[in-house]
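The data block below is entry.cif; it holds mmCIF, C-alpha atoms.
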```
data_input
loop_
_atom_site.label_atom_id
_atom_site.label_comp_id
_atom_site.auth_asym_id
_atom_site.auth_seq_id
_atom_site.Cartn_x
_atom_site.Cartn_y
_atom_site.Cartn_z
CA MET E 1 58.40 44.48 130.14
CA THR E 2 56.31 43.51 133.22
CA ASP E 3 54.25 46.09 135.01
CA ASP E 4 55.35 45.73 138.65
CA LEU E 5 53.02 48.52 139.71
CA ALA E 6 49.80 46.93 138.53
CA PRO E 7 47.56 46.51 141.63
CA ALA E 8 45.36 43.83 140.04
CA ARG E 9 48.15 41.26 139.98
CA ALA E 10 48.47 38.66 142.64
CA GLY E 11 51.06 39.17 145.36
CA ASN E 12 51.19 42.92 144.93
CA SER E 13 50.60 44.45 148.30
CA ALA E 14 51.60 48.07 147.46
CA THR E 15 49.12 50.72 148.42
CA SER E 16 47.68 53.11 145.87
CA SER E 17 49.60 56.04 147.42
CA GLU E 18 52.92 54.21 147.11
CA ILE E 19 52.15 53.37 143.52
CA ALA E 20 51.45 57.00 142.75
CA ARG E 21 54.71 58.12 144.36
CA LEU E 22 56.84 55.60 142.51
CA SER E 23 55.29 56.47 139.18
CA GLU E 24 56.69 60.02 139.49
CA VAL E 25 60.29 58.81 139.70
CA ALA E 26 62.20 59.10 136.42
CA VAL E 27 64.63 56.27 135.75
CA VAL E 28 67.86 57.51 134.06
CA ASP E 29 70.50 55.24 132.61
CA GLY E 30 73.93 56.03 134.10
CA GLU E 31 77.51 55.01 133.40
CA LEU E 32 80.87 55.46 135.01
CA VAL E 33 83.00 58.46 133.92
CA ASP E 34 86.25 57.60 132.19
CA PRO E 35 89.06 59.08 134.37
CA ASN E 36 91.00 59.93 131.16
CA GLN E 37 88.13 61.91 129.70
CA ASP E 38 88.29 65.72 129.37
CA PRO E 39 86.99 67.00 132.74
CA THR E 40 85.17 69.86 131.00
CA SER E 41 82.91 67.52 128.98
CA ARG E 42 80.58 64.62 129.59
CA ASN E 43 79.61 62.45 126.65
CA GLY E 44 80.51 65.26 124.26
CA VAL E 45 78.56 67.89 126.25
CA VAL E 46 80.71 70.75 127.59
CA VAL E 47 80.34 71.24 131.32
CA TYR E 48 80.96 74.77 132.65
CA ASP E 49 83.84 74.85 135.09
CA PRO E 50 84.38 78.26 136.79
CA ALA E 51 88.03 77.51 137.55
CA VAL E 52 88.83 76.64 133.94
CA ALA E 53 86.95 79.70 132.69
CA ALA E 54 88.89 81.95 135.07
CA VAL E 55 92.26 80.61 133.90
CA LEU E 56 91.32 81.01 130.23
CA ALA E 57 90.12 84.57 130.85
CA ALA E 58 93.36 85.42 132.64
CA LEU E 59 95.40 84.00 129.77
CA ASP E 60 93.39 86.03 127.24
CA GLN E 61 93.92 89.19 129.23
CA GLY E 62 97.63 88.49 129.61
CA ALA E 63 97.99 87.85 125.89
CA GLN E 64 96.23 91.11 125.06
CA GLU E 65 98.41 93.08 127.48
CA HIS E 66 101.51 91.53 125.92
CA LEU E 67 100.38 92.42 122.39
CA ASP E 68 99.67 95.98 123.50
CA ALA E 69 103.10 96.24 125.09
CA VAL E 70 105.02 95.04 122.02
CA ARG E 71 103.09 97.22 119.59
CA PRO E 72 105.42 100.04 118.42
CA ARG E 73 104.85 103.37 120.17
CA LYS E 74 104.45 105.18 116.85
CA THR E 75 101.69 102.77 115.84
CA ARG E 76 99.87 103.27 119.15
CA ILE E 77 100.04 107.05 118.77
CA GLY E 78 98.86 106.87 115.16
CA TYR E 79 95.91 104.63 116.01
CA ALA E 80 94.95 106.93 118.87
CA ARG E 81 94.83 109.86 116.43
CA ASP E 82 92.76 107.79 114.00
CA TRP E 83 90.25 106.97 116.73
CA ALA E 84 90.09 110.63 117.79
CA LEU E 85 89.09 111.48 114.21
CA TRP E 86 86.49 108.70 114.32
CA GLU E 87 85.03 110.32 117.44
CA GLU E 88 85.04 113.72 115.72
CA PHE E 89 83.26 112.24 112.71
CA HIS E 90 80.56 110.78 114.96
CA GLY E 91 80.07 114.17 116.58
CA TRP E 92 79.77 115.81 113.16
CA LEU E 93 77.30 113.13 112.07
CA ALA E 94 75.18 113.55 115.22
CA GLU E 95 74.88 117.29 114.60
CA ARG E 96 73.38 116.63 111.16
CA THR E 97 71.16 113.67 111.94
CA GLY E 98 70.17 114.51 115.48
CA VAL E 99 70.94 110.93 116.46
CA PRO E 100 74.27 110.17 118.16
CA LEU E 101 75.56 106.78 117.11
CA PRO E 102 77.72 104.60 119.34
CA LEU E 103 81.40 104.57 118.47
CA THR E 104 81.12 100.80 118.14
CA ALA E 105 78.88 101.24 115.08
CA VAL E 106 81.64 100.28 112.65
CA ASN E 107 79.77 99.07 109.60
CA LYS E 108 79.46 99.65 105.89
CA GLY E 109 77.53 102.90 106.19
CA THR E 110 79.64 104.54 108.85
CA LEU E 111 82.98 103.57 107.31
CA VAL E 112 82.03 104.85 103.86
CA GLY E 113 80.71 108.01 105.50
CA PHE E 114 84.01 108.34 107.35
CA VAL E 115 85.92 108.14 104.06
CA THR E 116 83.72 110.81 102.50
CA TRP E 117 84.03 113.04 105.57
CA LEU E 118 87.81 112.78 105.60
CA ASP E 119 87.91 113.61 101.89
CA GLU E 120 85.41 116.46 101.73
CA VAL E 121 85.56 118.00 105.20
CA LYS E 122 89.11 117.29 106.32
CA GLN E 123 90.63 117.46 102.83
CA ALA E 124 92.83 114.50 103.73
CA ALA E 125 95.15 112.82 101.24
CA PRO E 126 93.92 109.41 99.98
CA ASN E 127 96.89 107.56 101.48
CA SER E 128 96.15 109.14 104.85
CA ILE E 129 92.51 108.07 104.59
CA ASP E 130 93.60 104.51 103.84
CA ARG E 131 95.71 104.47 106.99
CA ARG E 132 92.84 105.95 109.04
CA ILE E 133 90.59 103.08 107.97
CA THR E 134 93.17 100.60 109.27
CA GLY E 135 93.60 102.50 112.52
CA VAL E 136 89.88 102.72 113.26
CA THR E 137 89.06 99.10 112.42
CA SER E 138 92.06 97.79 114.34
CA THR E 139 91.15 99.84 117.41
CA ALA E 140 87.50 98.78 117.22
CA ARG E 141 88.44 95.10 117.21
CA ARG E 142 90.52 95.42 120.37
CA PRO E 143 89.46 95.93 124.00
CA PRO E 144 87.60 97.77 125.37
CA TYR E 145 85.40 97.84 122.23
CA ASP E 146 85.73 94.25 120.96
CA VAL E 147 83.72 94.99 117.81
CA GLU E 148 83.41 92.36 115.10
CA VAL E 149 83.94 94.58 112.06
CA PRO E 150 82.26 92.97 109.02
CA LYS E 151 84.50 92.39 106.04
CA GLU E 152 81.96 94.02 103.74
CA ALA E 153 82.46 97.27 105.66
CA THR E 154 86.20 97.50 104.99
CA VAL E 155 85.73 96.36 101.40
CA ALA E 156 83.14 99.10 100.83
CA ALA E 157 85.30 101.75 102.47
CA ARG E 158 88.27 100.98 100.23
CA ALA E 159 86.00 100.78 97.20
CA ALA E 160 84.91 104.34 98.00
CA LEU E 161 88.55 105.30 98.43
CA LYS E 162 89.76 103.83 95.13
CA PRO E 163 88.62 106.68 92.83
CA LEU E 164 90.12 109.19 95.26
CA LYS E 165 93.52 107.54 94.88
CA ASN E 166 93.28 107.98 91.12
CA ASP E 167 92.66 111.73 91.48
CA ARG E 168 95.94 113.62 91.04
CA LEU E 169 94.62 116.73 92.77
CA ARG E 170 93.65 114.72 95.81
CA GLN E 171 96.99 112.90 95.81
CA ALA E 172 98.70 116.29 95.83
CA ARG E 173 97.18 116.96 99.25
CA GLY E 174 99.80 114.70 100.74
CA ARG E 175 103.48 115.49 100.86
CA GLY E 176 104.12 112.75 98.31
CA GLN E 177 107.50 111.08 98.12
CA ALA E 178 110.26 112.62 100.18
CA ALA E 179 112.59 114.92 98.28
CA PRO E 180 115.87 113.02 97.83
CA ALA E 181 118.94 114.52 99.46
CA SER E 182 122.21 114.84 97.60
CA PRO E 183 125.84 114.86 98.78
CA GLU E 184 125.99 118.55 97.87
CA GLN E 185 123.05 119.22 100.15
CA LEU E 186 124.68 117.23 102.95
CA ARG E 187 127.72 119.48 102.72
CA ALA E 188 125.53 122.57 102.80
CA MET E 189 123.70 121.23 105.87
CA ASN E 190 126.93 120.39 107.68
CA THR E 191 128.48 123.81 107.08
CA ALA E 192 125.33 125.89 107.76
CA PRO E 193 125.13 128.50 110.51
CA ARG E 194 124.26 126.90 113.81
CA THR E 195 121.58 129.43 114.81
CA VAL E 196 118.14 127.89 115.33
CA THR E 197 114.94 128.88 117.08
CA ALA E 198 112.79 127.08 119.60
CA GLY E 199 110.40 124.83 117.73
CA SER E 200 112.81 124.47 114.82
CA GLU E 201 111.25 127.35 112.91
CA PRO E 202 113.11 129.89 110.80
CA ALA E 203 115.15 132.29 112.90
CA THR E 204 113.73 135.25 110.99
CA ARG E 205 110.20 134.64 112.27
CA PRO E 206 109.22 137.43 114.70
CA GLY E 207 108.77 136.46 118.31
CA ARG E 208 110.87 133.29 118.17
CA ARG E 209 113.80 132.93 120.52
CA ALA E 210 117.00 132.13 118.64
CA TYR E 211 120.01 130.34 120.07
CA ASP E 212 123.16 128.70 118.76
CA LEU E 213 123.46 124.95 118.74
CA PRO E 214 126.18 123.81 121.15
CA ASP E 215 129.25 122.13 119.67
CA LEU E 216 128.16 118.68 120.83
CA ALA E 217 124.81 118.98 119.05
CA VAL E 218 126.55 120.17 115.88
CA TYR E 219 128.82 117.12 115.90
CA ARG E 220 125.86 114.82 116.47
CA ASP E 221 123.72 116.38 113.73
CA ARG E 222 126.53 116.14 111.17
CA ALA E 223 127.15 112.51 112.03
CA LEU E 224 123.46 111.66 112.02
CA VAL E 225 122.59 113.08 108.59
CA THR E 226 125.61 111.51 106.91
CA MET E 227 125.09 108.17 108.68
CA ALA E 228 121.43 108.10 107.65
CA PHE E 229 122.48 108.78 104.06
CA GLY E 230 125.34 106.26 104.15
CA ILE E 231 123.18 103.34 105.33
CA ALA E 232 120.14 104.48 103.26
CA GLY E 233 118.37 104.26 106.57
CA ARG E 234 114.94 104.99 107.90
CA ALA E 235 114.66 107.31 110.89
CA GLU E 236 113.65 104.32 113.04
CA GLU E 237 116.80 102.46 112.00
CA VAL E 238 119.08 105.42 112.74
CA SER E 239 117.44 105.81 116.14
CA ALA E 240 117.93 102.11 116.91
CA LEU E 241 121.68 102.11 116.15
CA THR E 242 123.97 101.37 119.10
CA LEU E 243 127.67 102.01 119.56
CA ALA E 244 128.34 98.29 119.11
CA ASP E 245 126.58 98.37 115.73
CA ILE E 246 129.16 100.74 114.21
CA VAL E 247 132.69 99.37 113.84
CA LEU E 248 135.65 101.28 112.40
CA VAL E 249 137.77 99.28 109.96
CA GLU E 250 140.56 100.27 107.61
CA GLU E 251 138.20 100.73 104.67
CA GLY E 252 135.60 102.77 106.59
CA LEU E 253 132.67 101.68 108.77
CA GLU E 254 130.93 98.35 109.07
CA VAL E 255 127.39 99.03 110.28
CA HIS E 256 124.85 96.53 111.55
CA VAL E 257 121.42 98.04 110.88
CA PRO E 258 119.09 96.50 113.46
CA SER E 259 115.66 95.11 112.75
CA VAL E 260 112.80 97.56 113.29
CA LYS E 261 109.07 96.92 112.93
CA GLY E 262 109.72 93.34 111.89
CA ARG E 263 111.95 94.24 108.95
CA PRO E 264 115.07 92.09 108.62
CA ALA E 265 118.35 93.46 109.93
CA ARG E 266 121.20 94.03 107.47
CA ASP E 267 124.95 94.60 107.49
CA VAL E 268 126.30 97.38 105.29
CA GLU E 269 129.63 99.07 104.62
CA ILE E 270 130.35 102.78 104.37
CA ALA E 271 133.57 103.74 102.63
CA TRP E 272 135.62 106.83 103.42
CA GLY E 273 134.24 109.84 101.57
CA SER E 274 136.15 112.33 99.46
CA HIS E 275 134.69 115.43 101.18
CA PRO E 276 135.20 115.96 104.93
CA ASP E 277 131.84 117.72 105.31
CA SER E 278 129.85 114.81 103.87
CA CYS E 279 132.02 111.84 104.83
CA PRO E 280 130.03 109.60 107.21
CA VAL E 281 133.21 108.07 108.63
CA LEU E 282 134.88 111.37 109.59
CA ASN E 283 131.68 112.82 110.97
CA TRP E 284 130.98 109.71 113.02
CA LEU E 285 134.46 109.77 114.54
CA ALA E 286 134.14 113.48 115.34
CA TRP E 287 130.80 112.96 117.11
CA LYS E 288 131.97 109.89 118.98
CA GLY E 289 135.12 111.65 120.18
CA ALA E 290 133.20 114.71 121.36
CA ALA E 291 130.58 112.54 123.05
CA GLU E 292 133.22 110.46 124.84
CA ALA E 293 134.72 113.66 126.17
CA ALA E 294 131.24 114.54 127.48
CA GLY E 295 130.88 111.22 129.27
CA LEU E 296 129.74 108.77 126.60
CA GLY E 297 130.42 105.20 127.68
CA ALA E 298 131.38 102.16 125.63
CA VAL E 299 127.83 100.86 125.22
CA GLY E 300 124.42 102.30 124.55
CA PRO E 301 122.64 104.28 121.84
CA ALA E 302 124.73 105.72 119.02
CA PHE E 303 122.78 108.97 118.85
CA ARG E 304 121.53 110.66 122.00
CA GLY E 305 119.80 113.82 123.03
CA VAL E 306 121.79 117.00 123.58
CA ASP E 307 120.12 119.98 125.28
CA GLN E 308 120.66 123.59 124.26
CA TRP E 309 123.37 123.98 126.89
CA GLY E 310 125.39 121.11 125.45
CA HIS E 311 124.62 118.45 128.06
CA LEU E 312 124.73 114.90 126.73
CA GLY E 313 121.66 112.80 127.48
CA THR E 314 121.55 109.11 128.30
CA ARG E 315 118.52 108.12 126.24
CA ARG E 316 118.56 107.41 122.52
CA LEU E 317 117.32 110.04 120.13
CA SER E 318 113.82 109.02 119.07
CA PRO E 319 112.86 108.47 115.41
CA ASP E 320 110.99 111.78 115.48
CA GLY E 321 114.10 113.39 116.95
CA CYS E 322 116.19 112.00 114.08
CA ARG E 323 113.73 113.42 111.56
CA LEU E 324 113.85 116.78 113.29
CA VAL E 325 117.65 116.87 113.09
CA ILE E 326 117.49 116.35 109.32
CA THR E 327 114.73 118.88 108.73
CA ARG E 328 116.32 121.47 111.01
CA SER E 329 119.72 121.06 109.34
CA ALA E 330 118.15 121.60 105.91
CA GLU E 331 116.36 124.72 107.16
CA ARG E 332 119.55 126.15 108.63
CA ALA E 333 121.25 125.56 105.28
CA GLY E 334 118.51 127.50 103.51
CA LEU E 335 117.77 124.67 101.06
CA ASP E 336 114.94 125.30 98.63
CA VAL E 337 113.39 121.89 99.35
CA ARG E 338 112.05 120.40 102.55
CA LEU E 339 114.08 117.36 103.56
CA THR E 340 112.63 114.75 105.89
CA GLY E 341 113.89 111.58 107.50
CA HIS E 342 113.18 109.57 104.36
CA SER E 343 115.14 112.03 102.19
CA MET E 344 118.40 110.36 103.21
CA ARG E 345 117.13 106.95 102.15
CA SER E 346 115.71 108.05 98.81
CA GLY E 347 118.72 110.31 98.24
CA PHE E 348 121.22 107.48 98.59
CA ILE E 349 119.40 105.32 96.02
CA THR E 350 118.85 108.20 93.60
CA THR E 351 122.47 109.36 93.84
CA GLY E 352 123.81 105.82 93.54
CA SER E 353 121.71 105.25 90.44
CA LYS E 354 123.06 108.45 88.88
CA LYS E 355 126.60 107.24 89.54
CA GLY E 356 125.97 103.91 87.84
CA LYS E 357 125.66 101.67 90.89
CA ARG E 358 123.91 98.38 90.22
CA PRO E 359 120.41 97.95 91.63
CA ASP E 360 121.48 94.89 93.63
CA GLN E 361 124.20 96.97 95.32
CA LEU E 362 121.72 99.68 96.20
CA ARG E 363 119.15 97.19 97.49
CA ARG E 364 121.74 95.54 99.70
CA GLN E 365 122.44 98.89 101.33
CA SER E 366 118.83 99.97 101.70
CA GLY E 367 117.22 96.61 102.47
CA HIS E 368 114.53 97.00 99.79
CA SER E 369 113.09 93.86 98.25
CA ALA E 370 113.61 93.19 94.55
CA SER E 371 109.88 93.76 93.95
CA SER E 372 109.68 97.08 95.80
CA ALA E 373 107.91 99.62 93.58
CA VAL E 374 109.27 102.45 95.72
CA PHE E 375 112.86 101.30 95.22
CA TRP E 376 112.53 101.16 91.43
CA GLU E 377 110.92 104.58 91.41
CA TYR E 378 114.02 105.94 93.17
CA VAL E 379 116.24 104.19 90.63
CA ARG E 380 114.28 105.64 87.72
CA ARG E 381 114.44 109.07 89.28
CA GLY E 382 118.22 108.84 89.45
CA ALA E 383 118.62 107.60 85.89
CA ARG E 384 115.94 109.69 84.22
CA TRP E 385 118.46 111.99 82.47
CA GLU E 386 120.68 109.16 81.31
CA GLU E 387 120.04 108.47 77.63
CA THR E 388 116.68 110.19 77.55
CA ALA E 389 114.41 109.65 74.56
CA SER E 390 114.72 113.31 73.54
CA GLN E 391 118.53 113.25 73.54
CA GLY E 392 120.34 113.24 70.21
CA ILE E 393 117.28 113.26 67.98
CA GLY E 394 118.08 116.56 66.30
CA LEU E 395 116.08 118.94 68.47
#
```
Take the structure in the file and give it back as structure tokens.
Amino acid sequence: MTDDLAPARAGNSATSSEIARLSEVAVVDGELVDPNQDPTSRNGVVVYDPAVAAVLAALDQGAQEHLDAVRPRKTRIGYARDWALWEEFHGWLAERTGVPLPLTAVNKGTLVGFVTWLDEVKQAAPNSIDRRITGVTSTARRPPYDVEVPKEATVAARAALKPLKNDRLRQARGRGQAAPASPEQLRAMNTAPRTVTAGSEPATRPGRRAYDLPDLAVYRDRALVTMAFGIAGRAEEVSALTLADIVLVEEGLEVHVPSVKGRPARDVEIAWGSHPDSCPVLNWLAWKGAAEAAGLGAVGPAFRGVDQWGHLGTRRLSPDGCRLVITRSAERAGLDVRLTGHSMRSGFITTGSKKGKRPDQLRRQSGHSASSAVFWEYVRRGARWEETASQGIGL
């Protein structure tokens, strides 16, 4: 390479000042930009583009808002309660250490401490603690916190929880499996006195205002408990039923159980019963006829709210409302067990097993998978007194 700036060479008339100025200029190789190249990069180097960044941010925010909107309401409420307990735990911890930690401190130490606090201070059941861990970590990962929860933290928390799940006394803190309902209990519930109190508490409790359920509510409650039993349904599934989902045929009812929480929908049949007070078909027709007289249209939710004056609502009865109907009906009947929304589901499987129904028939009605441990526990519960090991051995 020749040195064009050398002043000693012949024919070079540049002044020393010009030479100095030119020597400060950096020569950079350049090339044309391919018009088909990604506009956000140059030769493999990402170039910041404010417009692109703004669009991507807007898409991220829209996606998050959509995910929040489609999340089931019950899940949102549950996670909010879990986070409230997380806040309470942090307050408790700050009182003892003198150092308030940020709520975003979701790590191995705080999560294991949370498990211990729930167990020893709150006396929570192990299954509830497990769900609280999920609620807290899921909330922490989402806006506005956006915490990157380390995997080792959740692994450690569940490792601390494992021995608690093997403790029978701790397991007894929870309600355990729902008591299964029986057809005899359904008949008792559907023929019980209609007097209830505000708050669904026993009418004998002092200071509670008692009133009689209006006829329309009685019809609805009878239809709801027998329908829930007949389809072996969850409270969410009973709540989601529409008028179009329930079709009267000669043999009984054909019911389309809609999909809830991502579970597959199913089509089941309910035959006419032998007892009017527990027959799902008769009780459904009685409720539908009474509701139509009160203004029920041809479409919409199958089970709706009814106020204490007998006015028919337009909105569907919520899953919690369906559970309350079942629990309140059992209380009015004076049953010696507490029935919940899941009692209808477990009761159908248990009763069917006692009557010799095949597991595949029961699973088709309930929607359980063949590998469901809960389903087989219900089956065993129903068949436990059939050919027991202690029977016929000379005792």
Let me know the residues the PyMOL selection byres ((chain E and resi 306) around 12) catches in the file above, as a CSV table (one decimal) with C-alpha atoms, keeping the file's coordinate frame.
```csv
chain,number,residue,atom,x,y,z
E,213,LEU,CA,123.5,125.0,118.7
E,214,PRO,CA,126.2,123.8,121.2
E,215,ASP,CA,129.2,122.1,119.7
E,216,LEU,CA,128.2,118.7,120.8
E,217,ALA,CA,124.8,119.0,119.0
E,218,VAL,CA,126.6,120.2,115.9
E,219,TYR,CA,128.8,117.1,115.9
E,220,ARG,CA,125.9,114.8,116.5
E,221,ASP,CA,123.7,116.4,113.7
E,287,TRP,CA,130.8,113.0,117.1
E,290,ALA,CA,133.2,114.7,121.4
E,291,ALA,CA,130.6,112.5,123.0
E,294,ALA,CA,131.2,114.5,127.5
E,296,LEU,CA,129.7,108.8,126.6
E,303,PHE,CA,122.8,109.0,118.8
E,304,ARG,CA,121.5,110.7,122.0
E,305,GLY,CA,119.8,113.8,123.0
E,307,ASP,CA,120.1,120.0,125.3
E,308,GLN,CA,120.7,123.6,124.3
E,309,TRP,CA,123.4,124.0,126.9
E,310,GLY,CA,125.4,121.1,125.4
E,311,HIS,CA,124.6,118.4,128.1
E,312,LEU,CA,124.7,114.9,126.7
E,313,GLY,CA,121.7,112.8,127.5
E,314,THR,CA,121.6,109.1,128.3
E,315,ARG,CA,118.5,108.1,126.2
E,316,ARG,CA,118.6,107.4,122.5
E,317,LEU,CA,117.3,110.0,120.1
E,321,GLY,CA,114.1,113.4,117.0
E,325,VAL,CA,117.6,116.9,113.1
```
Correct to one decimal, the distance CA of Glu251 (chain E)-CA of Leu285 (chain E) is 13.9 Å
Residues returned when the PyMOL selection byres ((chain E and resi 257) around 7) runs on this file, as a VMD selection string:
chain E and resid 237 241 255 to 256 258 to 259 265 to 267
For Arg381 (chain E), which residue among E:Arg76, E:Arg338, E:Arg131, E:Lys354 is the nearest when counting all atoms listed in the file?
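Of E:Arg76, E:Arg338, E:Arg131, E:Lys354, the one nearest Arg381 (chain E), counting all atoms listed in the file, is E:Lys354.
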Can you list what the PyMOL selection byres ((chain E and resi 182-186) around 6) grabs from this structure, as a ChimeraX atom specification?
/E:181,187-189,278,347
By how many Å are CA of Leu169 (chain E) and CA of Arg132 (chain E) apart?
19.6 Å
Which one of E:Thr195, E:Ser346, E:Ser138, E:Ser329 sits closest to Gly233 (chain E) if you count only C-alpha atoms?
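Of all the options, E:Ser346 lies closest to Gly233 (chain E).
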Please determine, counting all atoms listed in the file, which residue among E:Tyr378, E:Phe89, E:Phe114, E:Tyr79 has the shortest atom-to-atom distance to Arg142 (chain E).
E:Tyr79
What does the distance between CA of Asp130 (chain E) and CA of Val115 (chain E) come to in Å, to one decimal place?
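If I compute the distance from CA of Asp130 (chain E) to CA of Val115 (chain E), I get 8.5 Å.
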Given all atoms listed in the file as the basis, pick out the residue of E:Lys261, E:Arg234, E:Arg73, E:Arg141 nearest to Thr340 (chain E).
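Looking at the shortest contact to Thr340 (chain E), the residue is E:Arg234.
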Using 6 Å as the limit and counting all atoms listed in the file, can you tabulate each residue of region 92-135 of chain E that touches region 143-164 of chain E, with its shortest atom-to-atom distance in Å and the two atoms involved, as CSV?
```
residue,atom,partner,partner_atom,distance
E:Asn107,CA,E:Ala153,CA,5.1
E:Lys108,CA,E:Ala153,CA,3.8
E:Leu111,CA,E:Ala157,CA,5.7
E:Val112,CA,E:Ala157,CA,4.7
```
Please list as JSON, numbers by chain every residue within 8 Å of Trp83 (chain E), counting all atoms listed in the file and excluding residues in the same chain fewer than 2 positions away.
{"E": [79, 80, 81, 85, 86, 87, 135, 136, 139]}
Where atoms are missing, can you supply N, CA and C atoms for region 47-67 of chain E and output the lot as a JSON list (two decimals), in the coordinates of the input?
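Saved to selection.json:
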```json
[["chain", "number", "residue", "atom", "x", "y", "z"],
["E", 47, "VAL", "N", 80.80, 70.91, 129.97],
["E", 47, "VAL", "CA", 80.34, 71.24, 131.32],
["E", 47, "VAL", "C", 81.07, 72.49, 131.79],
["E", 48, "TYR", "N", 80.35, 73.51, 132.21],
["E", 48, "TYR", "CA", 80.96, 74.77, 132.65],
["E", 48, "TYR", "C", 81.74, 74.54, 133.92],
["E", 49, "ASP", "N", 82.98, 74.95, 133.92],
["E", 49, "ASP", "CA", 83.84, 74.85, 135.09],
["E", 49, "ASP", "C", 84.36, 76.25, 135.40],
["E", 50, "PRO", "N", 83.95, 76.89, 136.48],
["E", 50, "PRO", "CA", 84.38, 78.26, 136.79],
["E", 50, "PRO", "C", 85.89, 78.41, 136.88],
["E", 51, "ALA", "N", 86.58, 77.42, 137.40],
["E", 51, "ALA", "CA", 88.03, 77.51, 137.55],
["E", 51, "ALA", "C", 88.71, 77.54, 136.18],
["E", 52, "VAL", "N", 88.26, 76.67, 135.28],
["E", 52, "VAL", "CA", 88.83, 76.64, 133.94],
["E", 52, "VAL", "C", 88.54, 77.96, 133.22],
["E", 53, "ALA", "N", 87.32, 78.44, 133.35],
["E", 53, "ALA", "CA", 86.95, 79.70, 132.69],
["E", 53, "ALA", "C", 87.80, 80.85, 133.20],
["E", 54, "ALA", "N", 88.09, 80.88, 134.49],
["E", 54, "ALA", "CA", 88.89, 81.95, 135.07],
["E", 54, "ALA", "C", 90.33, 81.93, 134.54],
["E", 55, "VAL", "N", 90.89, 80.73, 134.41],
["E", 55, "VAL", "CA", 92.26, 80.61, 133.90],
["E", 55, "VAL", "C", 92.32, 81.05, 132.44],
["E", 56, "LEU", "N", 91.33, 80.61, 131.63],
["E", 56, "LEU", "CA", 91.32, 81.01, 130.23],
["E", 56, "LEU", "C", 91.16, 82.52, 130.08],
["E", 57, "ALA", "N", 90.31, 83.12, 130.91],
["E", 57, "ALA", "CA", 90.12, 84.57, 130.85],
["E", 57, "ALA", "C", 91.40, 85.30, 131.22],
["E", 58, "ALA", "N", 92.11, 84.79, 132.23],
["E", 58, "ALA", "CA", 93.36, 85.42, 132.64],
["E", 58, "ALA", "C", 94.41, 85.31, 131.54],
["E", 59, "LEU", "N", 94.46, 84.16, 130.86],
["E", 59, "LEU", "CA", 95.40, 84.00, 129.77],
["E", 59, "LEU", "C", 95.08, 84.95, 128.61],
["E", 60, "ASP", "N", 93.79, 85.10, 128.30],
["E", 60, "ASP", "CA", 93.39, 86.03, 127.24],
["E", 60, "ASP", "C", 93.79, 87.45, 127.58],
["E", 61, "GLN", "N", 93.56, 87.84, 128.82],
["E", 61, "GLN", "CA", 93.92, 89.19, 129.23],
["E", 61, "GLN", "C", 95.43, 89.39, 129.19],
["E", 62, "GLY", "N", 96.18, 88.38, 129.65],
["E", 62, "GLY", "CA", 97.63, 88.49, 129.61],
["E", 62, "GLY", "C", 98.17, 88.57, 128.19],
["E", 63, "ALA", "N", 97.56, 87.80, 127.28],
["E", 63, "ALA", "CA", 97.99, 87.85, 125.89],
["E", 63, "ALA", "C", 97.72, 89.22, 125.29],
["E", 64, "GLN", "N", 96.56, 89.80, 125.59],
["E", 64, "GLN", "CA", 96.23, 91.11, 125.06],
["E", 64, "GLN", "C", 97.17, 92.18, 125.59],
["E", 65, "GLU", "N", 97.49, 92.12, 126.88],
["E", 65, "GLU", "CA", 98.41, 93.08, 127.48],
["E", 65, "GLU", "C", 99.80, 92.96, 126.85],
["E", 66, "HIS", "N", 100.21, 91.73, 126.55],
["E", 66, "HIS", "CA", 101.51, 91.53, 125.92],
["E", 66, "HIS", "C", 101.52, 92.12, 124.51],
["E", 67, "LEU", "N", 100.45, 91.87, 123.75],
["E", 67, "LEU", "CA", 100.38, 92.42, 122.39],
["E", 67, "LEU", "C", 100.37, 93.94, 122.41]]
```
